[in-house]
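Source file: my_file.cif. Holds: mmCIF, N, CA and C atoms.
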data_input
loop_
_atom_site.label_atom_id
_atom_site.label_comp_id
_atom_site.auth_asym_id
_atom_site.auth_seq_id
_atom_site.Cartn_x
_atom_site.Cartn_y
_atom_site.Cartn_z
N MET A 13 14.12 -21.25 -89.56
CA MET A 13 13.27 -22.17 -88.85
C MET A 13 12.67 -21.43 -87.65
N THR A 14 11.36 -21.46 -87.51
CA THR A 14 10.72 -20.82 -86.37
C THR A 14 10.90 -21.70 -85.14
N SER A 15 10.64 -21.11 -83.98
CA SER A 15 10.83 -21.88 -82.74
C SER A 15 9.90 -23.08 -82.68
N SER A 16 8.68 -22.96 -83.20
CA SER A 16 7.77 -24.11 -83.18
C SER A 16 8.26 -25.21 -84.11
N GLN A 17 8.84 -24.84 -85.23
CA GLN A 17 9.41 -25.85 -86.13
C GLN A 17 10.62 -26.52 -85.50
N ALA A 18 11.42 -25.74 -84.81
CA ALA A 18 12.58 -26.30 -84.14
C ALA A 18 12.15 -27.28 -83.06
N PHE A 19 11.10 -26.93 -82.33
CA PHE A 19 10.61 -27.81 -81.28
C PHE A 19 10.10 -29.12 -81.87
N LYS A 20 9.39 -29.05 -82.97
CA LYS A 20 8.85 -30.26 -83.60
C LYS A 20 9.95 -31.16 -84.14
N ALA A 21 11.14 -30.61 -84.35
CA ALA A 21 12.25 -31.40 -84.87
C ALA A 21 12.77 -32.40 -83.83
N PHE A 22 12.49 -32.16 -82.56
CA PHE A 22 12.91 -33.08 -81.51
C PHE A 22 12.00 -34.30 -81.50
N THR A 23 12.59 -35.45 -81.29
CA THR A 23 11.78 -36.66 -81.12
C THR A 23 11.50 -36.85 -79.64
N VAL A 24 10.56 -37.71 -79.35
CA VAL A 24 10.23 -37.99 -77.95
C VAL A 24 11.46 -38.52 -77.22
N LYS A 25 12.21 -39.39 -77.87
CA LYS A 25 13.41 -39.95 -77.23
C LYS A 25 14.43 -38.86 -76.91
N GLU A 26 14.56 -37.89 -77.79
CA GLU A 26 15.50 -36.79 -77.54
C GLU A 26 15.05 -35.94 -76.36
N VAL A 27 13.77 -35.69 -76.27
CA VAL A 27 13.24 -34.90 -75.16
C VAL A 27 13.44 -35.65 -73.85
N ILE A 28 13.14 -36.94 -73.84
CA ILE A 28 13.33 -37.74 -72.64
C ILE A 28 14.80 -37.76 -72.23
N ALA A 29 15.69 -37.92 -73.18
CA ALA A 29 17.13 -37.92 -72.89
C ALA A 29 17.56 -36.59 -72.28
N GLU A 30 17.04 -35.50 -72.80
CA GLU A 30 17.37 -34.17 -72.28
C GLU A 30 16.86 -34.01 -70.85
N ILE A 31 15.65 -34.43 -70.60
CA ILE A 31 15.08 -34.34 -69.26
C ILE A 31 15.89 -35.19 -68.29
N LYS A 32 16.25 -36.40 -68.69
CA LYS A 32 17.05 -37.28 -67.82
C LYS A 32 18.40 -36.68 -67.51
N GLN A 33 18.96 -35.96 -68.46
CA GLN A 33 20.27 -35.34 -68.24
C GLN A 33 20.21 -34.35 -67.08
N TYR A 34 19.14 -33.60 -66.97
CA TYR A 34 19.03 -32.57 -65.94
C TYR A 34 18.38 -33.06 -64.65
N PHE A 35 17.51 -34.04 -64.74
CA PHE A 35 16.73 -34.45 -63.57
C PHE A 35 16.85 -35.94 -63.27
N SER A 36 17.93 -36.57 -63.66
CA SER A 36 18.04 -38.03 -63.61
C SER A 36 17.71 -38.63 -62.25
N ASN A 37 18.14 -38.03 -61.18
CA ASN A 37 17.89 -38.61 -59.86
C ASN A 37 16.53 -38.22 -59.29
N LYS A 38 15.73 -37.47 -60.03
CA LYS A 38 14.43 -37.02 -59.53
C LYS A 38 13.28 -37.53 -60.40
N LEU A 39 13.56 -38.51 -61.24
CA LEU A 39 12.53 -39.02 -62.14
C LEU A 39 12.15 -40.44 -61.79
N PHE A 40 10.89 -40.75 -61.96
CA PHE A 40 10.48 -42.14 -61.87
C PHE A 40 10.84 -42.82 -63.18
N LYS A 41 10.97 -44.13 -63.15
CA LYS A 41 11.37 -44.88 -64.35
C LYS A 41 10.20 -45.14 -65.29
N THR A 42 9.00 -45.19 -64.75
CA THR A 42 7.83 -45.53 -65.54
C THR A 42 7.49 -44.41 -66.52
N LEU A 43 7.27 -44.79 -67.77
CA LEU A 43 6.82 -43.85 -68.79
C LEU A 43 5.38 -44.20 -69.15
N ILE A 44 4.56 -43.19 -69.34
CA ILE A 44 3.17 -43.39 -69.75
C ILE A 44 3.13 -43.30 -71.27
N ARG A 45 2.83 -44.42 -71.89
CA ARG A 45 2.77 -44.44 -73.36
C ARG A 45 1.52 -43.74 -73.85
N LYS A 46 1.65 -43.09 -75.00
CA LYS A 46 0.51 -42.44 -75.64
C LYS A 46 -0.50 -43.53 -76.00
N ASN A 47 -1.77 -43.29 -75.68
CA ASN A 47 -2.75 -44.35 -75.83
C ASN A 47 -4.13 -43.74 -76.00
N ILE A 48 -4.85 -44.14 -77.02
CA ILE A 48 -6.20 -43.60 -77.27
C ILE A 48 -7.15 -43.93 -76.13
N THR A 49 -6.91 -45.04 -75.46
CA THR A 49 -7.77 -45.44 -74.34
C THR A 49 -7.75 -44.40 -73.23
N LEU A 50 -6.60 -43.76 -73.02
CA LEU A 50 -6.52 -42.72 -71.99
C LEU A 50 -7.41 -41.54 -72.36
N VAL A 51 -7.43 -41.19 -73.62
CA VAL A 51 -8.29 -40.09 -74.09
C VAL A 51 -9.75 -40.47 -73.94
N GLU A 52 -10.09 -41.69 -74.33
CA GLU A 52 -11.48 -42.15 -74.22
C GLU A 52 -11.94 -42.18 -72.77
N ALA A 53 -11.11 -42.71 -71.89
CA ALA A 53 -11.47 -42.78 -70.47
C ALA A 53 -11.67 -41.38 -69.90
N SER A 54 -10.77 -40.48 -70.24
CA SER A 54 -10.88 -39.10 -69.77
C SER A 54 -12.16 -38.45 -70.25
N SER A 55 -12.50 -38.67 -71.51
CA SER A 55 -13.72 -38.05 -72.05
C SER A 55 -14.98 -38.62 -71.41
N GLN A 56 -14.88 -39.83 -70.87
CA GLN A 56 -16.01 -40.45 -70.17
C GLN A 56 -16.01 -40.12 -68.67
N GLY A 57 -14.95 -39.46 -68.22
CA GLY A 57 -14.84 -39.14 -66.79
C GLY A 57 -14.59 -40.37 -65.95
N THR A 58 -13.93 -41.36 -66.54
CA THR A 58 -13.70 -42.64 -65.89
C THR A 58 -12.20 -42.90 -65.78
N PRO A 59 -11.73 -43.40 -64.64
CA PRO A 59 -10.31 -43.75 -64.55
C PRO A 59 -9.94 -44.81 -65.58
N ALA A 60 -8.76 -44.70 -66.13
CA ALA A 60 -8.31 -45.66 -67.16
C ALA A 60 -8.34 -47.09 -66.64
N LEU A 61 -8.02 -47.27 -65.36
CA LEU A 61 -8.03 -48.63 -64.79
C LEU A 61 -9.43 -49.23 -64.75
N HIS A 62 -10.45 -48.39 -64.70
CA HIS A 62 -11.83 -48.90 -64.74
C HIS A 62 -12.31 -49.03 -66.17
N TYR A 63 -11.93 -48.09 -67.01
CA TYR A 63 -12.40 -48.04 -68.39
C TYR A 63 -11.85 -49.21 -69.21
N SER A 64 -10.56 -49.43 -69.11
CA SER A 64 -9.92 -50.51 -69.88
C SER A 64 -8.67 -50.97 -69.13
N PRO A 65 -8.85 -51.82 -68.12
CA PRO A 65 -7.75 -52.19 -67.23
C PRO A 65 -6.54 -52.84 -67.91
N LYS A 66 -6.75 -53.44 -69.07
CA LYS A 66 -5.64 -54.12 -69.75
C LYS A 66 -4.98 -53.26 -70.83
N SER A 67 -5.41 -52.01 -70.95
CA SER A 67 -4.81 -51.12 -71.96
C SER A 67 -3.41 -50.71 -71.51
N HIS A 68 -2.59 -50.34 -72.48
CA HIS A 68 -1.23 -49.90 -72.17
C HIS A 68 -1.24 -48.72 -71.20
N GLY A 69 -2.14 -47.77 -71.43
CA GLY A 69 -2.21 -46.60 -70.56
C GLY A 69 -2.55 -46.95 -69.13
N ALA A 70 -3.54 -47.81 -68.94
CA ALA A 70 -3.94 -48.22 -67.59
C ALA A 70 -2.79 -48.96 -66.90
N ILE A 71 -2.16 -49.85 -67.63
CA ILE A 71 -1.04 -50.61 -67.07
C ILE A 71 0.11 -49.68 -66.70
N ASP A 72 0.40 -48.71 -67.55
CA ASP A 72 1.48 -47.76 -67.27
C ASP A 72 1.18 -46.94 -66.02
N TYR A 73 -0.05 -46.47 -65.88
CA TYR A 73 -0.41 -45.70 -64.69
C TYR A 73 -0.38 -46.57 -63.44
N TYR A 74 -0.76 -47.82 -63.57
CA TYR A 74 -0.69 -48.75 -62.44
C TYR A 74 0.78 -48.93 -62.01
N LYS A 75 1.66 -49.13 -63.00
CA LYS A 75 3.09 -49.28 -62.70
C LYS A 75 3.65 -48.03 -62.04
N LEU A 76 3.22 -46.86 -62.50
CA LEU A 76 3.67 -45.61 -61.90
C LEU A 76 3.20 -45.52 -60.44
N ALA A 77 1.96 -45.89 -60.20
CA ALA A 77 1.44 -45.87 -58.82
C ALA A 77 2.25 -46.80 -57.93
N GLN A 78 2.58 -47.98 -58.44
CA GLN A 78 3.39 -48.93 -57.67
C GLN A 78 4.78 -48.34 -57.39
N GLU A 79 5.33 -47.67 -58.36
CA GLU A 79 6.65 -47.06 -58.20
C GLU A 79 6.61 -45.94 -57.15
N VAL A 80 5.56 -45.13 -57.16
CA VAL A 80 5.41 -44.05 -56.18
C VAL A 80 5.26 -44.65 -54.78
N ILE A 81 4.44 -45.68 -54.64
CA ILE A 81 4.24 -46.32 -53.34
C ILE A 81 5.56 -46.89 -52.82
N SER A 82 6.30 -47.56 -53.68
CA SER A 82 7.59 -48.13 -53.30
C SER A 82 8.56 -47.03 -52.86
N PHE A 83 8.58 -45.94 -53.60
CA PHE A 83 9.44 -44.81 -53.25
C PHE A 83 9.08 -44.26 -51.87
N GLU A 84 7.79 -44.08 -51.63
CA GLU A 84 7.34 -43.54 -50.34
C GLU A 84 7.69 -44.48 -49.19
N LYS A 85 7.55 -45.78 -49.41
CA LYS A 85 7.90 -46.75 -48.37
C LYS A 85 9.39 -46.66 -48.04
N GLU A 86 10.22 -46.51 -49.07
CA GLU A 86 11.66 -46.37 -48.85
C GLU A 86 11.97 -45.09 -48.09
N GLU A 87 11.28 -44.01 -48.43
CA GLU A 87 11.49 -42.73 -47.74
C GLU A 87 11.10 -42.84 -46.27
N ILE A 88 9.98 -43.50 -46.00
CA ILE A 88 9.53 -43.67 -44.62
C ILE A 88 10.52 -44.53 -43.85
N SER A 89 10.97 -45.63 -44.46
CA SER A 89 11.95 -46.51 -43.81
C SER A 89 13.25 -45.78 -43.52
N ALA A 90 13.69 -44.97 -44.45
CA ALA A 90 14.93 -44.21 -44.26
C ALA A 90 14.78 -43.21 -43.13
N GLY A 91 13.59 -42.64 -42.98
CA GLY A 91 13.35 -41.66 -41.93
C GLY A 91 13.27 -42.29 -40.56
N ILE A 92 12.87 -43.54 -40.49
CA ILE A 92 12.72 -44.24 -39.21
C ILE A 92 14.07 -44.65 -38.66
N GLN A 93 15.00 -44.98 -39.52
CA GLN A 93 16.31 -45.49 -39.09
C GLN A 93 17.17 -44.43 -38.51
#
As structure tokens, what does this structure read like?
Amino acid sequence: MTSSQAFKAFTVKEVIAEIKQYFSNKLFKTLIRKNITLVEASSQGTPALHYSPKSHGAIDYYKLAQEVISFEKEEISAGIQ
């Protein structure tokens, strides 16, 4: 089995599990689902939230942004105390 064949043998869930094993405390919880709308928006040079706000990709990126903002607020609050 070549290395590329071995790599293809992994499923997305297996890769995510492996990443979580090594970086669990440094990962956001939000996952961006594969979505054709993201490709279409990118090819149009338009943000996914403008191109198709109700698509899975746009919603996932919105959730990620909310998670990042929440994380930063917690970091700022922790630094103030």
How would you write, as a PDB file with N, CA and C atoms, in the coordinates of the input, the residues chosen by the PyMOL selection byres ((chain A and resi 38-51) around 7) on this structure?
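Produced file part.pdb, reproduced below:
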ATOM      1  N   TYR A  34      19.140 -33.600 -66.970  1.00  0.00           N
ATOM      2  CA  TYR A  34      19.030 -32.570 -65.940  1.00  0.00           C
ATOM      3  C   TYR A  34      18.380 -33.060 -64.650  1.00  0.00           C
ATOM      4  N   PHE A  35      17.510 -34.040 -64.740  1.00  0.00           N
ATOM      5  CA  PHE A  35      16.730 -34.450 -63.570  1.00  0.00           C
ATOM      6  C   PHE A  35      16.850 -35.940 -63.270  1.00  0.00           C
ATOM      7  N   SER A  36      17.930 -36.570 -63.660  1.00  0.00           N
ATOM      8  CA  SER A  36      18.040 -38.030 -63.610  1.00  0.00           C
ATOM      9  C   SER A  36      17.710 -38.630 -62.250  1.00  0.00           C
ATOM     10  N   ASN A  37      18.140 -38.030 -61.180  1.00  0.00           N
ATOM     11  CA  ASN A  37      17.890 -38.610 -59.860  1.00  0.00           C
ATOM     12  C   ASN A  37      16.530 -38.220 -59.290  1.00  0.00           C
ATOM     13  N   GLU A  52     -10.090 -41.690 -74.330  1.00  0.00           N
ATOM     14  CA  GLU A  52     -11.480 -42.150 -74.220  1.00  0.00           C
ATOM     15  C   GLU A  52     -11.940 -42.180 -72.770  1.00  0.00           C
ATOM     16  N   ALA A  53     -11.110 -42.710 -71.890  1.00  0.00           N
ATOM     17  CA  ALA A  53     -11.470 -42.780 -70.470  1.00  0.00           C
ATOM     18  C   ALA A  53     -11.670 -41.380 -69.900  1.00  0.00           C
ATOM     19  N   SER A  54     -10.770 -40.480 -70.240  1.00  0.00           N
ATOM     20  CA  SER A  54     -10.880 -39.100 -69.770  1.00  0.00           C
ATOM     21  C   SER A  54     -12.160 -38.450 -70.250  1.00  0.00           C
ATOM     22  N   SER A  55     -12.500 -38.670 -71.510  1.00  0.00           N
ATOM     23  CA  SER A  55     -13.720 -38.050 -72.050  1.00  0.00           C
ATOM     24  C   SER A  55     -14.980 -38.620 -71.410  1.00  0.00           C
ATOM     25  N   GLN A  56     -14.880 -39.830 -70.870  1.00  0.00           N
ATOM     26  CA  GLN A  56     -16.010 -40.450 -70.170  1.00  0.00           C
ATOM     27  C   GLN A  56     -16.010 -40.120 -68.670  1.00  0.00           C
ATOM     28  N   ALA A  60      -8.760 -44.700 -66.130  1.00  0.00           N
ATOM     29  CA  ALA A  60      -8.310 -45.660 -67.160  1.00  0.00           C
ATOM     30  C   ALA A  60      -8.340 -47.090 -66.640  1.00  0.00           C
ATOM     31  N   SER A  67      -5.410 -52.010 -70.950  1.00  0.00           N
ATOM     32  CA  SER A  67      -4.810 -51.120 -71.960  1.00  0.00           C
ATOM     33  C   SER A  67      -3.410 -50.710 -71.510  1.00  0.00           C
ATOM     34  N   HIS A  68      -2.590 -50.340 -72.480  1.00  0.00           N
ATOM     35  CA  HIS A  68      -1.230 -49.900 -72.170  1.00  0.00           C
ATOM     36  C   HIS A  68      -1.240 -48.720 -71.200  1.00  0.00           C
ATOM     37  N   GLY A  69      -2.140 -47.770 -71.430  1.00  0.00           N
ATOM     38  CA  GLY A  69      -2.210 -46.600 -70.560  1.00  0.00           C
ATOM     39  C   GLY A  69      -2.550 -46.950 -69.130  1.00  0.00           C
ATOM     40  N   ALA A  70      -3.540 -47.810 -68.940  1.00  0.00           N
ATOM     41  CA  ALA A  70      -3.940 -48.220 -67.590  1.00  0.00           C
ATOM     42  C   ALA A  70      -2.790 -48.960 -66.900  1.00  0.00           C
ATOM     43  N   ASP A  72       0.400 -48.710 -67.550  1.00  0.00           N
ATOM     44  CA  ASP A  72       1.480 -47.760 -67.270  1.00  0.00           C
ATOM     45  C   ASP A  72       1.180 -46.940 -66.020  1.00  0.00           C
ATOM     46  N   TYR A  73      -0.050 -46.470 -65.880  1.00  0.00           N
ATOM     47  CA  TYR A  73      -0.410 -45.700 -64.690  1.00  0.00           C
ATOM     48  C   TYR A  73      -0.380 -46.570 -63.440  1.00  0.00           C
ATOM     49  N   LYS A  75       1.660 -49.130 -63.000  1.00  0.00           N
ATOM     50  CA  LYS A  75       3.090 -49.280 -62.700  1.00  0.00           C
ATOM     51  C   LYS A  75       3.650 -48.030 -62.040  1.00  0.00           C
ATOM     52  N   LEU A  76       3.220 -46.860 -62.500  1.00  0.00           N
ATOM     53  CA  LEU A  76       3.670 -45.610 -61.900  1.00  0.00           C
ATOM     54  C   LEU A  76       3.200 -45.520 -60.440  1.00  0.00           C
TER      55      LEU A  76
END
How many Å separate atom C of Pro59 (chain A) from atom C of Ala77 (chain A)?
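Interatomic distance, atom C of Pro59 (chain A) to atom C of Ala77 (chain A): 14.5 Å.
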Which value, in Å to one decimal, gives the distance between CA of His62 (chain A) and CA of Lys85 (chain A)?
25.7 Å
As an MDAnalysis selection string, list the residues of region 17-93 of chain A assigned to alpha helix (DSSP H) by DSSP on the backbone atoms of this structure.
chainID A and resid 17:20 24:35 48:56 60:63 68:92
Gap from CA of Tyr74 (chain A) to atom C of Thr58 (chain A) - Å, one decimal
13.3 Å
